[in-house]
Amino acid sequence: MSVMPSNNDIILEGVDLKKHFGGGGIFSSPTVVRAVDGVSLGVRRGETFAIVGESGCGKSTLGRLLLRLIEPTGGDVRYEGQSILKLSKSELRRLRRELQIIFQDPFASLNPRMNVGDIIAEPIWLHGLASGEGKRERVADLMRIVGLLPNHADRYPHEFSGGQRQRIGIARALAGDPKLIIGDEPVSALDVSIQAQIINLLEDLKDRFGLTLVIVAHDLAVIRHMSDRVAVMYLGEIVELSETDALFDDPLHPYTQALLAAIPVPSPSNRQPKALLQGDVPSPAAPPSGCRFHTRCPHARAVCKEQHPALEQAPDGRQVACHFWREIQGAGAGSISAPPPSPALAKRLALYRTWRERQDKPVATSP
Amino acid sequence: MGHEAVRQQRMEPGSPGTAAVAADRPLLSVRGLSVRFDGAPKGVNVVDDVSFSVSKGKTLCIVGESGCGKSVTSLALMGLLPTPPARIVAGSALFDGRDLLAMPENERADLRGDRMAMIFQEPMTSLNPAFTIGDQIAEGIVRHRKVSKAEAMERALDMLRKVRIPAPEKRLRAYPHEMSGGMRQRVMIAMALANDPQLLIADEPTTALDVTIQAQILTLIRRLQEETGTAMILITHDLGVVAEVADEVAVMYAGRVVESGPVEAIFEDPQHPYTIGLMGSVPSLGRRQGRLATIRGTVPPPELMPRGCRFTPRCPFADSRCVNEPPPLGEIVPGHRARCWYAPLEKYRGAVA
């Protein structure tokens, strides 16, 4: 792929991926939803790659396509340079060990009739990694790694809280020694304090096992915190792809700028009127002509309605799909200023961290 | 509740309502509200001794995580709590001088949807799929005003304009499923404001919405509030939203208010360990500042609720006193209160490092 010049160690790659849903009902004219429409991206080994966008932008569909959980309408997915679309069932099963997924709703993705030990052991058994005592030990290990008590292995999913269930999902994903994990909104169903625990856990695991993470999410603060590179999606297409800090400091695409401007800033003394994006996301069944963002874009001109902008190269290995990104960038719009915490908060947070570490010492499990 | 007498005394001298009565009497003043679910262990109320007040044109944000009692509090105020299992065991809620909790049900029904209104989190489940938007807005107007159906529809159209729904005439005859989530939430707001309520309770009004739509709705709510002078209680778990819209904040944890005060004080000078931990748990929008601070564990189930401060099992600063004695909601500076024995922390917990 020509768009990834700087780093060639691509572990997972999507090439011009398309997924169109639907077709005609018996009585209705066919409607085709272009959930993902010509997306190319490469995930580098060891990075955390984020896919961000609003509901209906196709980010979850893209995540599933990358694992071949659903079959693409067009395009190719390559893992370690090899297309995974032509693999046979048994080859695909072997691949599943290395590519794993964590879902948003841990309750819906865990079998309520299996106890936690069996849920985590299933991939171990399926891939023939261990059996008997070895398997039990491995399950206990995994539970400890994700911060669960191994003696809870005989409990059922409903006996756990949302955060703990997400830990079960993570343990199960880890069971087959994966190389890459896709998290589909892994923390968005969780309370703030639990969310922080899971984010820290994912980061620890990534370091410990040398994982590559792909995070599909809508929360930009979480993405800024976790990821190395970000792809911003709008109506089935990538509109901007960039290193995280560059994207947040200097967003190029007007949609990225609008997304960043819409985030509530947690500082009451810095309230200011915002330039708001008008209207809703158009239906992906009938995307606007030309640039799909032109119906809501404050910078749109005549040409945007007619010509579809290609994802073009910008400096520093960034990519942006906008006819006028150079001029818009000149206007200096969009970057967000997050004020530093107040001195009192900073002081107490430091104090909190110090005592918090001490709190963890007696029991050497993660938070 | 055995502590009742003690509690009453504690509340009296400092209640923010009494001090500034003449100048600015709050529209709603809740004192010592406690709600108990049948079957809960003795002494563990799902909402326990909650007090706050809201003035005309102001916004109070109640912040907290799932299970902290913020929604139960708002349902209790609206008179929408199912009894059984929920029972209001103590407290008063003076709304415009009258105690909501002591009012007969028919009077409350007259207030509900008229003087006080509510917006819920998920607009799709709170709109009736079988009726048009116009019918549903008009229904509330006809219930409380002596107007004809046609006049009510006229008013409904006005409201759709007010919440800036494009093509309002057409939308009046639309059904909920024909609209997007953001539009539905606008309809809910139009419905809630149709009778010019004095108090609006919004329970997570933007949680189900995308961030660009959330920004639209928050701006809309604020603008309407400026126009009408409605007092608002906004319930949320999102500290960013709080910082954007609140005048006053009450942070709730496990059924109790653990910290309350003006929004600037809460964000710039947070006192309670839970508030601080919560702020440390939210990833910053600025450059990465290292790992997130976390709050250990989860909210304990009712049967394991500690006798003293309910945050004890998760609090890094807690000691034996916290386990046994519930701390009062003490005043740190006028108007800013925290329910912690050791606030300010640097004074009591700063020395040992």
# chains A, B, ... in the order shown; residues from 1 in each chain; ligands from 1
$ residues_around --residues "stretch 142-157 of chain A" --least-positions-apart "4" --cutoff "8 Å" --atoms "only C-alpha atoms" --output "ChimeraX atom specification"
/A:107,110-118,138,164-165,167-168,170-171,174-175,201,365-367
$ interface_residues --of "chain A" --to "chain B" --cutoff "6 Å" --atoms "only C-alpha atoms" --output "list in words"
Glu54, Asp191, Ser193, Ala196, Gln197, Ala221, Val222, His225, Ala262, Pro264, Val265, Pro266, Ser267, Pro268, Ala338, Ser342, Ala344, Leu345, Trp355, Arg356, Gln359 and Pro367 of chain A
$ atom_distance --atom1 "atom CA of A:Ser242" --atom2 "atom CA of A:Arg44"
12.9 Å
$ atom_distance --atom1 "atom CA of B:Ser55" --atom2 "atom CA of B:Ser29"
8.7 Å
$ select_by_dssp --residues "stretch 205-321 of chain B" --states "alpha helix (DSSP H)" --output "PyMOL selection string"
chain B and resi 211-228+239-245+263-268+273-281+320-321
$ residues_around --residues "A:Ala321" --least-positions-apart "5" --cutoff "9 Å" --atoms "only C-alpha atoms" --output "list in words"
Ile238, Val239, Glu240, His253, Cys291, His308, Pro309, Ala310, Leu311, Glu312 and Gln313 of chain A
$ atom_distance --atom1 "atom CA of B:Ser34" --atom2 "atom CA of B:Val50"
6.6 Å
